[in-house]
Amino acid sequence: MTSTTHQMFALLSALVLLSLYPVSLGPLIGTMAVIATMVGALTPDLDQPTANIWRRLIGGNTVGNIFRAFSGGHRHLTHSFIGIIGIGWALEWAIYNLLNPAYTQTALGVWMAFMIGYISHPIADSFTDQGVPWFWPLHFRIRIPPGPEEVRVTTDSFVERVFVRSGIIIVGVLLLQTKWPILLALFR
Ligand SMILES: [Zn+2]
């Protein structure tokens, strides 16, 4: 999936979860949570050497290559259960151990938003041709549906850019028709 579709799917996932478990974070933290959801959705693909951030950072190509080598290549560690648990645990550890305790609760709210975005990413990728090695380092990949290949989404195809994205928007709009107050309450 492209980064645009990943961010849209992440926001929709967050909206679904928010409508099930409403929270109020206030205007500042609420906005940070929305941004964290989108950043989380982009993070698993940082193992791609072509990821924009690596191209823009000074020395980024080198850092990107090291990150990629470390994570076992594109769509491996970062898209697996081990990777999800690892990054979630590392960030949680940092919040509890490196941050001023006064900010712990706030940071955990933003952490949760980041993780929702992050986890939504391999879920979305599971619907693509290549699938996702959820159980990496085991090699087999989960593909939804398992077959035939024609019914899965090809990354950056017309199907993804038009049908998948419109589908996400339609579901989001339908959801917001009844859940709008819950979204507003997030920022209160
Ligand atoms: Zn991916």
# chains A, B, ... in the order shown; residues from 1 in each chain; ligands from 1
$ residues_around --residues "region 126-140 of chain A" --least-positions-apart "5" --cutoff "7 Å" --atoms "only C-alpha atoms" --output "mmCIF file with C-alpha atoms, in the first residue's frame"
data_model
loop_
_atom_site.group_PDB
_atom_site.id
_atom_site.type_symbol
_atom_site.label_atom_id
_atom_site.label_comp_id
_atom_site.auth_asym_id
_atom_site.auth_seq_id
_atom_site.Cartn_x
_atom_site.Cartn_y
_atom_site.Cartn_z
ATOM 1 C CA ARG A 75 8.483 -5.821 5.065
ATOM 2 C CA HIS A 76 10.205 -8.134 7.473
ATOM 3 C CA LEU A 77 10.892 -7.275 11.104
ATOM 4 C CA HIS A 79 5.792 -5.794 9.749
ATOM 5 C CA SER A 80 5.884 -8.754 12.154
ATOM 6 C CA PHE A 81 4.463 -9.524 15.590
ATOM 7 C CA PRO A 145 -7.721 -13.490 1.073
ATOM 8 C CA GLU A 149 -3.927 -13.277 -6.357
ATOM 9 C CA ARG A 152 -5.791 -8.821 -3.595
ATOM 10 C CA VAL A 153 -4.643 -5.229 -3.982
ATOM 11 C CA THR A 154 -1.571 -4.315 -6.023
ATOM 12 C CA THR A 155 0.336 -1.468 -4.358
#
$ residues_around --residues "region 165-172 of chain A" --least-positions-apart "6" --cutoff "7 Å" --atoms "only C-alpha atoms" --output "PyMOL selection string"
chain A and resi 5+8-9+12
$ atom_distance --atom1 "CA of Val63 (chain A)" --atom2 "CA of Pro44 (chain A)"
15.2 Å
$ residues_near_ligand --ligand "ligand 1" --cutoff "9 Å" --atoms "only C-alpha atoms and all ligand atoms" --output "VMD selection string"
chain A and resid 1 to 3 6 41 to 48 74 to 75 78 to 79 121 to 122 124 to 125 132
$ residues_around --residues "Ser13 (chain A)" --least-positions-apart "2" --cutoff "10 Å" --atoms "only C-alpha atoms" --output "ChimeraX atom specification"
/A:7-11,15-19,37,116-117,119-120,168,172
$ atom_distance --atom1 "CA of Gly40 (chain A)" --atom2 "CA of Gly109 (chain A)"
13.2 Å
$ closest_residue --among "A:Pro181, A:Pro22, A:Gly30, A:Gly64" --to "Ala113 (chain A)" --atoms "only C-alpha atoms"
A:Gly30
$ residues_around --residues "Gly26 (chain A)" --least-positions-apart "3" --cutoff "7 Å" --atoms "only C-alpha atoms" --output "list in words"
Ile29, Gly30, Leu186, Phe187 and Arg188 of chain A
$ closest_residue --among "A:Arg161, A:Tyr118, A:Ala90, A:Ile53" --to "Val39 (chain A)" --atoms "only C-alpha atoms"
A:Tyr118
$ closest_residue --among "A:Val162, A:Ile87, A:Met115, A:Ile95" --to "Ala14 (chain A)" --atoms "only C-alpha atoms"
A:Met115
$ atom_distance --atom1 "CA of Trp89 (chain A)" --atom2 "CA of Ile58 (chain A)"
28.5 Å
$ select_by_dssp --residues "region 57-188 of chain A" --states "helix (DSSP H, G or I)" --output "compact mmCIF listing (two decimals) with C-alpha atoms, in the first residue's frame"
# COMPACT_ATOMS: atom_id res chain seq x y z
CA GLY A 60 19.91 9.59 5.55
CA ASN A 61 20.83 7.06 2.87
CA THR A 62 23.40 5.53 5.17
CA VAL A 63 21.08 5.50 8.17
CA GLY A 64 18.31 4.06 5.97
CA ASN A 65 20.57 1.28 4.71
CA ILE A 66 21.70 0.38 8.22
CA PHE A 67 18.09 0.38 9.43
CA ARG A 68 17.12 -1.81 6.49
CA ALA A 69 19.97 -4.28 7.06
CA PHE A 70 19.10 -4.44 10.76
CA LEU A 77 10.89 -7.27 11.10
CA THR A 78 8.89 -4.04 11.11
CA HIS A 79 5.79 -5.79 9.75
CA PHE A 81 4.46 -9.52 15.59
CA ILE A 82 8.00 -9.42 17.01
CA GLY A 83 8.58 -5.99 15.50
CA ILE A 84 5.25 -4.62 16.75
CA ILE A 85 5.83 -5.90 20.29
CA GLY A 86 9.45 -4.73 20.19
CA ILE A 87 8.76 -1.16 19.12
CA GLY A 88 5.75 -0.90 21.43
CA TRP A 89 7.76 -2.13 24.38
CA ALA A 90 10.77 0.09 23.58
CA LEU A 91 8.63 3.22 23.39
CA GLU A 92 6.73 2.32 26.56
CA TRP A 93 10.05 1.73 28.32
CA ALA A 94 11.26 5.14 27.18
CA ILE A 95 8.08 6.80 28.45
CA TYR A 96 8.39 5.25 31.90
CA ASN A 97 12.15 5.58 32.25
CA LEU A 98 13.31 8.62 30.31
CA PRO A 101 6.73 11.39 35.26
CA ALA A 102 4.44 14.44 35.02
CA TYR A 103 4.03 13.66 31.30
CA THR A 104 3.57 9.89 31.59
CA GLN A 105 -0.22 9.81 31.17
CA THR A 106 -0.12 12.22 28.22
CA ALA A 107 2.67 10.28 26.55
CA LEU A 108 0.82 6.99 26.99
CA GLY A 109 -2.20 8.47 25.17
CA VAL A 110 0.01 9.52 22.25
CA TRP A 111 1.80 6.15 22.41
CA MET A 112 -1.53 4.37 22.08
CA ALA A 113 -2.41 6.45 19.01
CA PHE A 114 1.00 5.70 17.47
CA MET A 115 0.56 1.97 18.06
CA ILE A 116 -2.93 1.97 16.50
CA GLY A 117 -1.44 3.55 13.38
CA TYR A 118 1.53 1.19 13.44
CA ILE A 119 -0.52 -2.01 13.79
CA SER A 120 -3.00 -0.88 11.12
CA HIS A 121 -0.09 -0.85 8.64
CA PRO A 122 0.71 -4.59 8.40
CA ILE A 123 -3.04 -5.30 8.56
CA ALA A 124 -3.54 -3.17 5.43
CA ASP A 125 -0.48 -4.71 3.75
CA GLU A 149 -3.93 -13.28 -6.36
CA GLU A 150 -6.27 -11.24 -8.57
CA VAL A 151 -8.55 -10.43 -5.65
CA PHE A 158 -5.73 2.05 -9.86
CA VAL A 159 -7.66 -0.26 -7.55
CA GLU A 160 -5.76 1.01 -4.53
CA ARG A 161 -5.76 4.68 -5.47
CA VAL A 162 -9.43 4.80 -6.43
CA PHE A 163 -11.42 1.94 -4.94
CA VAL A 164 -9.57 1.29 -1.70
CA ARG A 165 -9.25 4.97 -0.84
CA SER A 166 -12.87 5.77 -1.71
CA GLY A 167 -13.95 2.76 0.34
CA ILE A 168 -12.05 4.09 3.35
CA ILE A 169 -13.55 7.56 2.90
CA ILE A 170 -17.10 6.20 2.53
CA VAL A 171 -16.82 4.06 5.66
CA GLY A 172 -15.30 7.03 7.52
CA VAL A 173 -18.10 9.38 6.46
CA LEU A 174 -20.78 6.83 7.36
CA LEU A 175 -19.18 6.35 10.74
CA LEU A 176 -18.85 10.07 11.39
CA GLN A 177 -22.55 10.63 10.66
CA THR A 178 -23.37 8.97 13.94
CA LYS A 179 -20.06 9.25 15.81
CA TRP A 180 -19.25 12.90 15.12
CA PRO A 181 -19.79 13.96 18.79
CA ILE A 182 -17.30 11.28 19.89
CA LEU A 183 -14.66 12.68 17.52
CA LEU A 184 -15.28 16.22 18.81
CA ALA A 185 -15.06 14.97 22.38
CA LEU A 186 -11.53 13.69 21.64
$ decode --residues "region 85-118 of chain A" --atoms "N, CA and C atoms" --output "CSV table (one decimal), in the first residue's frame"
chain,number,residue,atom,x,y,z
A,85,ILE,N,5.6,-5.8,18.8
A,85,ILE,CA,5.8,-5.9,20.3
A,85,ILE,C,7.1,-5.2,20.7
A,86,GLY,N,8.2,-5.4,19.9
A,86,GLY,CA,9.5,-4.7,20.2
A,86,GLY,C,9.4,-3.2,20.2
A,87,ILE,N,8.8,-2.6,19.2
A,87,ILE,CA,8.8,-1.2,19.1
A,87,ILE,C,7.8,-0.6,20.2
A,88,GLY,N,6.7,-1.3,20.4
A,88,GLY,CA,5.7,-0.9,21.4
A,88,GLY,C,6.4,-0.9,22.8
A,89,TRP,N,7.1,-2.0,23.1
A,89,TRP,CA,7.8,-2.1,24.4
A,89,TRP,C,8.9,-1.1,24.6
A,90,ALA,N,9.7,-0.9,23.5
A,90,ALA,CA,10.8,0.1,23.6
A,90,ALA,C,10.2,1.5,23.9
A,91,LEU,N,9.2,1.9,23.2
A,91,LEU,CA,8.6,3.2,23.4
A,91,LEU,C,8.0,3.4,24.8
A,92,GLU,N,7.3,2.3,25.2
A,92,GLU,CA,6.7,2.3,26.6
A,92,GLU,C,7.8,2.4,27.6
A,93,TRP,N,8.9,1.7,27.4
A,93,TRP,CA,10.0,1.7,28.3
A,93,TRP,C,10.6,3.2,28.4
A,94,ALA,N,10.7,3.8,27.2
A,94,ALA,CA,11.3,5.1,27.2
A,94,ALA,C,10.3,6.1,27.9
A,95,ILE,N,9.0,5.9,27.8
A,95,ILE,CA,8.1,6.8,28.4
A,95,ILE,C,8.2,6.7,30.0
A,96,TYR,N,8.3,5.5,30.5
A,96,TYR,CA,8.4,5.2,31.9
A,96,TYR,C,9.8,5.6,32.5
A,97,ASN,N,10.8,5.4,31.7
A,97,ASN,CA,12.1,5.6,32.2
A,97,ASN,C,12.9,6.9,31.9
A,98,LEU,N,12.5,7.5,30.8
A,98,LEU,CA,13.3,8.6,30.3
A,98,LEU,C,12.5,9.9,30.5
A,99,LEU,N,11.2,9.8,30.6
A,99,LEU,CA,10.4,11.0,30.5
A,99,LEU,C,10.1,11.5,32.0
A,100,ASN,N,9.9,12.8,32.1
A,100,ASN,CA,9.5,13.4,33.4
A,100,ASN,C,8.1,12.7,33.7
A,101,PRO,N,8.0,12.1,34.9
A,101,PRO,CA,6.7,11.4,35.3
A,101,PRO,C,5.5,12.3,35.1
A,102,ALA,N,5.6,13.6,35.2
A,102,ALA,CA,4.4,14.4,35.0
A,102,ALA,C,3.8,14.2,33.7
A,103,TYR,N,4.6,13.8,32.7
A,103,TYR,CA,4.0,13.7,31.3
A,103,TYR,C,3.7,12.2,30.9
A,104,THR,N,3.8,11.3,31.9
A,104,THR,CA,3.6,9.9,31.6
A,104,THR,C,2.2,9.6,31.0
A,105,GLN,N,1.1,10.1,31.7
A,105,GLN,CA,-0.2,9.8,31.2
A,105,GLN,C,-0.4,10.4,29.8
A,106,THR,N,0.0,11.6,29.5
A,106,THR,CA,-0.1,12.2,28.2
A,106,THR,C,0.6,11.4,27.2
A,107,ALA,N,1.8,11.0,27.5
A,107,ALA,CA,2.7,10.3,26.6
A,107,ALA,C,2.0,8.9,26.2
A,108,LEU,N,1.4,8.3,27.2
A,108,LEU,CA,0.8,7.0,27.0
A,108,LEU,C,-0.4,7.1,26.0
A,109,GLY,N,-1.1,8.2,26.1
A,109,GLY,CA,-2.2,8.5,25.2
A,109,GLY,C,-1.7,8.6,23.8
A,110,VAL,N,-0.6,9.3,23.6
A,110,VAL,CA,0.0,9.5,22.3
A,110,VAL,C,0.6,8.2,21.8
A,111,TRP,N,1.2,7.5,22.7
A,111,TRP,CA,1.8,6.1,22.4
A,111,TRP,C,0.7,5.2,21.9
A,112,MET,N,-0.4,5.2,22.5
A,112,MET,CA,-1.5,4.4,22.1
A,112,MET,C,-1.9,4.7,20.6
A,113,ALA,N,-2.0,6.0,20.4
A,113,ALA,CA,-2.4,6.4,19.0
A,113,ALA,C,-1.4,6.0,18.0
A,114,PHE,N,-0.1,6.1,18.3
A,114,PHE,CA,1.0,5.7,17.5
A,114,PHE,C,0.9,4.2,17.2
A,115,MET,N,0.6,3.4,18.2
A,115,MET,CA,0.6,2.0,18.1
A,115,MET,C,-0.6,1.5,17.2
A,116,ILE,N,-1.8,2.3,17.3
A,116,ILE,CA,-2.9,2.0,16.5
A,116,ILE,C,-2.6,2.2,15.0
A,117,GLY,N,-1.9,3.3,14.8
A,117,GLY,CA,-1.4,3.6,13.4
A,117,GLY,C,-0.5,2.5,12.9
A,118,TYR,N,0.5,2.2,13.8
A,118,TYR,CA,1.5,1.2,13.4
A,118,TYR,C,0.9,-0.2,13.1
